[in-house]
Amino acid sequence: MNDNRGFLFPRYDSINFCIAFLLAWISLTSLLGAIYEDGMNNQPIFKILQLCYLGAIFNAIPAVFRGKYKNTIFIFLLFYFLIYFISSAFCDDEEFEGQVFRTLYLWCWPYFIMAFKIKDFGHLFKILKIVGYLAIACELLRLLSFSVVSLGYSQETGYGALIPLAVFTLSYVRERKLYYLVPITISFAIILMSGSRGPLLCGVLLFLFVFIIQHGISSKAVFTSFIVFLIFLVYKVYQYEILTWVLDFFTQISVSTRNIEKLLNNDLATDDIRELLRNTSFQYALDHPFWGTGLLNDRIFLYKYSFITSPTATVYGSYSHFFFAEVLMQFGLIPGCLLVFFLFQKLWTRIFKWTSVDEQNLFIISVTVGLFPLLVSRSWFTFPLFYFLLGLLFSAKSKKQCQNL
């Protein structure tokens, strides 16, 4: 742990504490956003949080530049920004380019670099339990104290609850302590009440992912699948009664009923605008097998040519909302397929082959919060938690483990 000491508090792992603060930032700013809404950026408490964010990164700088694999970071940065600057040469929207550039430097790359330098996965997992409790407290405080404003539909609330859901699900699987079921239940309830379908799907995928990793295809897995099937059968028989009761309950406590209404209307999976964006992206990839738009121009193309009629549409928000479609459009059909194959091959190796339990847990968390959301929303290019996953995939510790095999 001493190798990761920072400028301050040399007894502590500056990388792990920096990562913990970066993840806690999501819930803290979500709570402040609910309190102050559009005026959050001008509040003193938000500026203090920003200083703490920068301070955590600054304190970890000695650990970042310490060790034999520091040159690998520069190689990644060089290769990445070479592609970025080639793409920006063909970008004619300076305001959008500035937004992306700030996001990459202030948010995305700190997540990658810190994850790349993790050494003590067990210590980090313990700290993430504290982050998980903090996230639940922030979301509950937002629900209970500011329901006069109404929780309403909130993607950020739903995605913010994924971190504690993943941390405490893995804690329960590992330690088998029943009290972990309480934060698991609360986290899943927050996701359901957020009204956002993406976090709900990510939560279900997390449970399936953990179950497959733990049991594979065994008699226990078959028995559990049978029980789940019976529960689903009962749900289908009494679907209207169950959903109507939940809808009335959510209405009484002033939280979003969007997911429940969509289930009642059998249109939970439909989204015309996102479907239009995905179809346009796939068609572009099919028309360009060897090269794509680059890292910036996909959004400009979709904004101009996908015929989105929403008055709130922006260039920054005009992305595919589907990881595979976005990569194929940006790099071309064949290069994009190769990149996706390489990523998932690397991910498979790290999770199922030779990682420790603590490292495996961190990967499951990073997949839950950094990859699953990309299947229904977000853009990998400007999504900090995806860079956290990439940092773990290519981390310095993993290289050392490979050499010792």
# chains A, B, ... in the order shown; residues from 1 in each chain; ligands from 1
$ residues_around --residues "A:Asp3" --least-positions-apart "5" --cutoff "12 Å" --atoms "only C-alpha atoms" --output "tab-separated table (two decimals) with N, CA and C atoms, in the first residue's frame"
chain	number	residue	atom	x	y	z
A	10	PRO	N	0.46	9.74	4.22
A	10	PRO	CA	1.26	8.70	3.58
A	10	PRO	C	0.93	7.28	4.02
A	11	ARG	N	0.23	7.13	5.15
A	11	ARG	CA	-0.11	5.78	5.61
A	11	ARG	C	-1.27	5.18	4.82
A	12	TYR	N	-1.96	6.02	4.05
A	12	TYR	CA	-3.17	5.56	3.37
A	12	TYR	C	-2.94	5.45	1.86
A	13	ASP	N	-3.75	4.62	1.23
A	13	ASP	CA	-3.68	4.39	-0.21
A	13	ASP	C	-4.39	5.54	-0.93
A	14	SER	N	-3.63	6.45	-1.50
A	14	SER	CA	-4.22	7.64	-2.13
A	14	SER	C	-5.05	7.28	-3.36
A	15	ILE	N	-4.67	6.23	-4.07
A	15	ILE	CA	-5.43	5.81	-5.25
A	15	ILE	C	-6.81	5.31	-4.86
A	16	ASN	N	-6.88	4.45	-3.86
A	16	ASN	CA	-8.16	3.90	-3.42
A	16	ASN	C	-9.09	4.99	-2.89
A	60	ALA	N	-3.09	12.10	-5.35
A	60	ALA	CA	-2.72	10.78	-5.87
A	60	ALA	C	-1.64	10.85	-6.95
A	61	ILE	N	-1.23	12.05	-7.34
A	61	ILE	CA	-0.26	12.19	-8.43
A	61	ILE	C	1.04	11.42	-8.17
A	62	PRO	N	1.64	11.48	-6.95
A	62	PRO	CA	2.88	10.70	-6.73
A	62	PRO	C	2.69	9.21	-6.99
A	63	ALA	N	1.53	8.66	-6.60
A	63	ALA	CA	1.27	7.24	-6.82
A	63	ALA	C	1.11	6.93	-8.30
A	64	VAL	N	0.54	7.88	-9.06
A	64	VAL	CA	0.34	7.67	-10.49
A	64	VAL	C	1.68	7.56	-11.21
A	65	PHE	N	2.63	8.39	-10.81
A	65	PHE	CA	3.93	8.42	-11.50
A	65	PHE	C	4.97	7.51	-10.84
A	66	ARG	N	4.52	6.68	-9.89
A	66	ARG	CA	5.43	5.76	-9.23
A	66	ARG	C	5.18	4.35	-9.77
A	67	GLY	N	6.23	3.62	-10.08
A	67	GLY	CA	6.05	2.25	-10.55
A	67	GLY	C	6.51	2.08	-11.99
A	68	LYS	N	6.71	0.82	-12.39
A	68	LYS	CA	7.33	0.51	-13.68
A	68	LYS	C	6.37	0.65	-14.86
A	117	LYS	N	-4.03	2.15	-11.68
A	117	LYS	CA	-2.99	2.08	-10.64
A	117	LYS	C	-3.44	1.37	-9.37
A	118	ILE	N	-4.61	0.75	-9.36
A	118	ILE	CA	-5.07	0.04	-8.16
A	118	ILE	C	-4.12	-1.11	-7.83
A	119	LYS	N	-3.77	-1.22	-6.54
A	119	LYS	CA	-2.93	-2.32	-6.09
A	119	LYS	C	-3.63	-3.20	-5.05
A	120	ASP	N	-4.40	-2.58	-4.16
A	120	ASP	CA	-5.05	-3.33	-3.08
A	120	ASP	C	-6.56	-3.37	-3.33
$ select_by_dssp --residues "stretch 325-401 of chain A" --states "alpha helix (DSSP H)" --output "number ranges by chain"
A: 325-331, 333-352, 357-370, 384-393, 396-401
$ residues_around --residues "A:Arg378" --least-positions-apart "5" --cutoff "10 Å" --atoms "only C-alpha atoms" --output "ChimeraX atom specification"
/A:198,317,319-323,370-373,383,386
$ residues_around --residues "A:Tyr387" --least-positions-apart "4" --cutoff "10 Å" --atoms "only C-alpha atoms" --output "number ranges by chain"
A: 104, 107-116, 366, 370-371, 380-383, 391-393
$ write_last_selection --atoms "C-alpha atoms" --output "CSV table (one decimal), in the first residue's frame"
chain,number,residue,atom,x,y,z
A,104,LEU,CA,-12.5,13.8,-21.1
A,107,TRP,CA,-13.8,13.3,-15.6
A,108,CYS,CA,-13.0,10.4,-17.9
A,109,TRP,CA,-9.3,10.1,-17.8
A,110,PRO,CA,-8.9,10.5,-14.0
A,111,TYR,CA,-11.2,7.5,-13.7
A,112,PHE,CA,-9.0,5.5,-16.1
A,113,ILE,CA,-5.7,6.5,-14.6
A,114,MET,CA,-6.8,5.8,-11.0
A,115,ALA,CA,-8.3,2.4,-11.9
A,116,PHE,CA,-5.1,1.5,-13.8
A,366,SER,CA,-17.3,-1.9,-12.9
A,370,GLY,CA,-19.6,1.1,-16.6
A,371,LEU,CA,-20.8,-1.3,-19.3
A,380,TRP,CA,-18.9,5.2,-23.9
A,381,PHE,CA,-16.8,8.2,-25.3
A,382,THR,CA,-18.0,10.6,-22.5
A,383,PHE,CA,-19.0,8.1,-19.8
A,391,GLY,CA,-8.5,1.1,-16.4
A,392,LEU,CA,-9.2,-2.1,-14.5
A,393,LEU,CA,-8.9,-4.1,-17.7
$ closest_residue --among "A:Leu333, A:Tyr133, A:Ser377, A:Pro44" --to "A:Arg274" --atoms "only C-alpha atoms"
A:Ser377
$ closest_residue --among "A:Tyr172, A:Phe81, A:Tyr316, A:Phe282" --to "A:Arg299" --atoms "only C-alpha atoms"
A:Tyr316
$ closest_residue --among "A:Leu31, A:Cys202, A:Leu389, A:Ala285" --to "A:Leu134" --atoms "only C-alpha atoms"
A:Leu31
$ closest_residue --among "A:Thr29, A:Ser171, A:Gln43, A:Thr293" --to "A:Ala135" --atoms "only C-alpha atoms"
A:Thr29
$ closest_residue --among "A:Asn361, A:Ser27, A:Gln330, A:Thr314" --to "A:Glu95" --atoms "only C-alpha atoms"
A:Thr314
